[in-house]
Amino acid sequence: MGLFTSTRHTSKAELAEVAEPTPAEQSTAPSVDMSVDLGGVTLPSPMMTASGCAANGQELARFFDLRELGAFVTKSVMAHPRSGRGTPRMAETPSGMLNSIGLQGPGIHAFVEKDLAWLKARGARALVSIAGNTSGEFADVAAVLRGSDAFDAVVGVEVNISCPNVANRGLVFACDPLASAKVVALVREQLPRNVPLFAKLTADVTDIVSVAQAAVKAGADGLTMINTLLGMVIDTDALRPQVAGVTGGLSGPAVRPVAVRAIWQTRAAMREGRLPTVPIIGVGGVRTGRDALELVAAGASAVQVGTATFNDPSAPVRVGRELRDLLQEQGFERLTDAVGVAHERVAR
């Protein structure tokens with residue numbers, strides 16, 4: 001008798017037995033260890049938000065528990081309140097977005113009293129992004145952060161030396177190895193040794209490895225790469241710049257190949273001994289687990305999701321699940337085994 005012509009009805013108990021794996025099957029089911037060690041701090045997941053794309057947590061918390069992330073990356077905070085640039089501040093581009101916010105924020109004192117305290121109360125792990133107009137301001141911000149009551153929620157500090165949205169392009173410290181090193185060294189002095197420091201680099205340089213070398217030598221425990229790329233959009237009806245700040249930071253899928261290249265070059269320098277081996281947090285155009293895997297295979301130990309959250313607020317956790325499933329399909333038992341694996345498989 002054919003499968004669809006049988007008159008016998010399967011009982012509920014039999015259906016349940018088929019649908020639910022036995023305890024033995026569950027215990028032998030393959031799984032992937034997604035934990036990651038970033039500068040001495042172990043996180044349960046490699047997934048993070050990207051600075052500036054999810055404010056300071058309260059908006060995104062409506063969509064998922066922030067504790068599902070390895071760390072929540074805050075919007076870059078400066079010493080004093082900042083209103084940012086005029087409007088319009090954003091423009092769509094093919095496969096991306098241009099933003100010209102200008103580091104708007106409440107200032108470090110209000111941040112630690114309200115935002116960081118809120119993140120701590122929710123049990124979130126915070127990777128706090130800091131910025132400054134001068135190297136001394138970076139240090140001042142780090143000092144206030146360190147002295148705050150909610151500092152124990154901080155699992156690391158991301159030093160944003162590469163944001164292209166400041167009014168004066170000359171203030172992009174990450175375009176100069178010496179300037180990058182000075183900022184990192186001053187911030188490192190203000191933080192306990194058990195709190196890792198990550199220097200966020202820009203790909204708007206001729207040699208990103210030289211900047212990475214300077215940052216690590218100055219005390220960075222890891223690197224975040226890349227920040228947005230400096231871009232510009234012209235309104236072809238009005239024939240003028242589409243954003244009030246004229247230029248802005250390009251993000252989204254369009255920048256992912258640049259991020260992969262920057263991570264690849266930096267990880268290659270580590271493998272060759274030209275740069276001490278430190279963790280890389282990859283960021284740039286990640287929308288899917290396959291995008292994240294590309295960054296991991298190039299050499300990233302963790303992944304940030306930014307622009308994708310604007311149309312899918314749950315993207316950081318969704319991408320994490322997709323990445324885990326892909327690693328399992330590829331036969332990896334641990335995420336760490338996949339970090340930089342493409343270097344071992346490159347065609348010679």
# chains A, B, ... in the order shown; residues from 1 in each chain; ligands from 1
call {"tool": "select_by_dssp", "arguments": {"residues": "stretch 109-327 of chain A", "states": "strand (DSSP E)", "output": "PyMOL selection string"}}
result
chain A and resi 126-130+154-160+197-201+222-225+229-232+234-235+240-241+247-251+280-283+302-305
call {"tool": "residues_around", "arguments": {"residues": "stretch 192-195 of chain A", "least_positions_apart": "5", "cutoff": "9 Å", "atoms": "only C-alpha atoms", "output": "list of chain:residue names"}}
result
A:Gly39, A:Gly40, A:Val41, A:Arg146, A:Val154, A:Val155, A:Gly156, A:Val157
call {"tool": "write_last_selection", "arguments": {"atoms": "all heavy atoms", "output": "compact mmCIF listing (two decimals), in the first residue's frame"}}
result
# COMPACT_ATOMS: atom_id res chain seq x y z
N GLY A 39 41.38 39.43 24.31
CA GLY A 39 42.28 40.14 25.20
C GLY A 39 42.19 39.70 26.64
O GLY A 39 42.37 40.52 27.55
N GLY A 40 41.92 38.42 26.87
CA GLY A 40 41.83 37.91 28.23
C GLY A 40 40.44 37.86 28.81
O GLY A 40 40.23 37.33 29.90
N VAL A 41 39.46 38.38 28.09
CA VAL A 41 38.06 38.33 28.52
C VAL A 41 37.32 37.33 27.65
O VAL A 41 37.34 37.44 26.42
CB VAL A 41 37.39 39.72 28.41
CG1 VAL A 41 35.91 39.63 28.70
CG2 VAL A 41 38.06 40.70 29.35
N ARG A 146 36.41 54.66 33.88
CA ARG A 146 37.00 53.77 34.88
C ARG A 146 36.47 54.04 36.29
O ARG A 146 36.26 53.12 37.07
CB ARG A 146 38.52 53.94 34.87
CG ARG A 146 39.28 53.05 35.85
CD ARG A 146 40.65 53.62 36.14
NE ARG A 146 40.54 54.92 36.80
CZ ARG A 146 41.38 55.93 36.61
NH1 ARG A 146 42.37 55.84 35.75
NH2 ARG A 146 41.21 57.07 37.27
N VAL A 154 31.70 46.71 32.03
CA VAL A 154 32.53 46.95 30.85
C VAL A 154 33.48 45.77 30.62
O VAL A 154 34.27 45.43 31.49
CB VAL A 154 33.35 48.25 31.01
CG1 VAL A 154 34.28 48.46 29.83
CG2 VAL A 154 32.41 49.44 31.18
N VAL A 155 33.37 45.15 29.46
CA VAL A 155 34.25 44.02 29.12
C VAL A 155 35.38 44.47 28.20
O VAL A 155 36.25 43.67 27.85
CB VAL A 155 33.46 42.88 28.45
CG1 VAL A 155 32.46 42.28 29.42
CG2 VAL A 155 32.78 43.34 27.17
N GLY A 156 35.38 45.73 27.83
CA GLY A 156 36.44 46.25 26.98
C GLY A 156 36.13 47.67 26.56
O GLY A 156 34.99 48.15 26.70
N VAL A 157 37.15 48.34 26.06
CA VAL A 157 37.00 49.71 25.57
C VAL A 157 37.47 49.76 24.13
O VAL A 157 38.57 49.29 23.80
CB VAL A 157 37.80 50.71 26.43
CG1 VAL A 157 37.77 52.10 25.81
CG2 VAL A 157 37.24 50.75 27.85
call {"tool": "closest_residue", "arguments": {"among": "A:Val32, A:Met78, A:Leu116, A:Leu186", "to": "A:Val141", "atoms": "only C-alpha atoms"}}
result
A:Met78
call {"tool": "closest_atom_pairs", "arguments": {"of": "stretch 91-130 of chain A", "to": "stretch 216-232 of chain A", "cutoff": "12 Å", "atoms": "only C-alpha atoms", "output": "JSON lines"}}
result
{"residue": "A:Ala91", "atom": "CA", "partner": "A:Met232", "partner_atom": "CA", "distance": 9.2}
{"residue": "A:Glu92", "atom": "CA", "partner": "A:Met232", "partner_atom": "CA", "distance": 10.8}
{"residue": "A:Thr93", "atom": "CA", "partner": "A:Met232", "partner_atom": "CA", "distance": 9.6}
{"residue": "A:Gly96", "atom": "CA", "partner": "A:Thr228", "partner_atom": "CA", "distance": 10.5}
{"residue": "A:Met97", "atom": "CA", "partner": "A:Gly231", "partner_atom": "CA", "distance": 9.7}
{"residue": "A:Leu98", "atom": "CA", "partner": "A:Gly231", "partner_atom": "CA", "distance": 7.1}
{"residue": "A:Asn99", "atom": "CA", "partner": "A:Thr228", "partner_atom": "CA", "distance": 9.0}
{"residue": "A:Ser100", "atom": "CA", "partner": "A:Met232", "partner_atom": "CA", "distance": 9.8}
{"residue": "A:Leu127", "atom": "CA", "partner": "A:Thr224", "partner_atom": "CA", "distance": 11.4}
{"residue": "A:Ser129", "atom": "CA", "partner": "A:Thr224", "partner_atom": "CA", "distance": 10.8}
call {"tool": "closest_residue", "arguments": {"among": "A:Val319, A:Ala262, A:Ala117, A:Ala110", "to": "A:Thr206", "atoms": "only C-alpha atoms"}}
result
A:Ala262
call {"tool": "atom_distance", "arguments": {"atom1": "atom CA of A:Leu119", "atom2": "atom CA of A:Gly249"}}
result
27.0 Å
call {"tool": "residues_around", "arguments": {"residues": "A:Gly245", "least_positions_apart": "5", "cutoff": "10 Å", "atoms": "only C-alpha atoms", "output": "PyMOL selection string"}}
result
chain A and resi 84-90+99-102+165-167+232
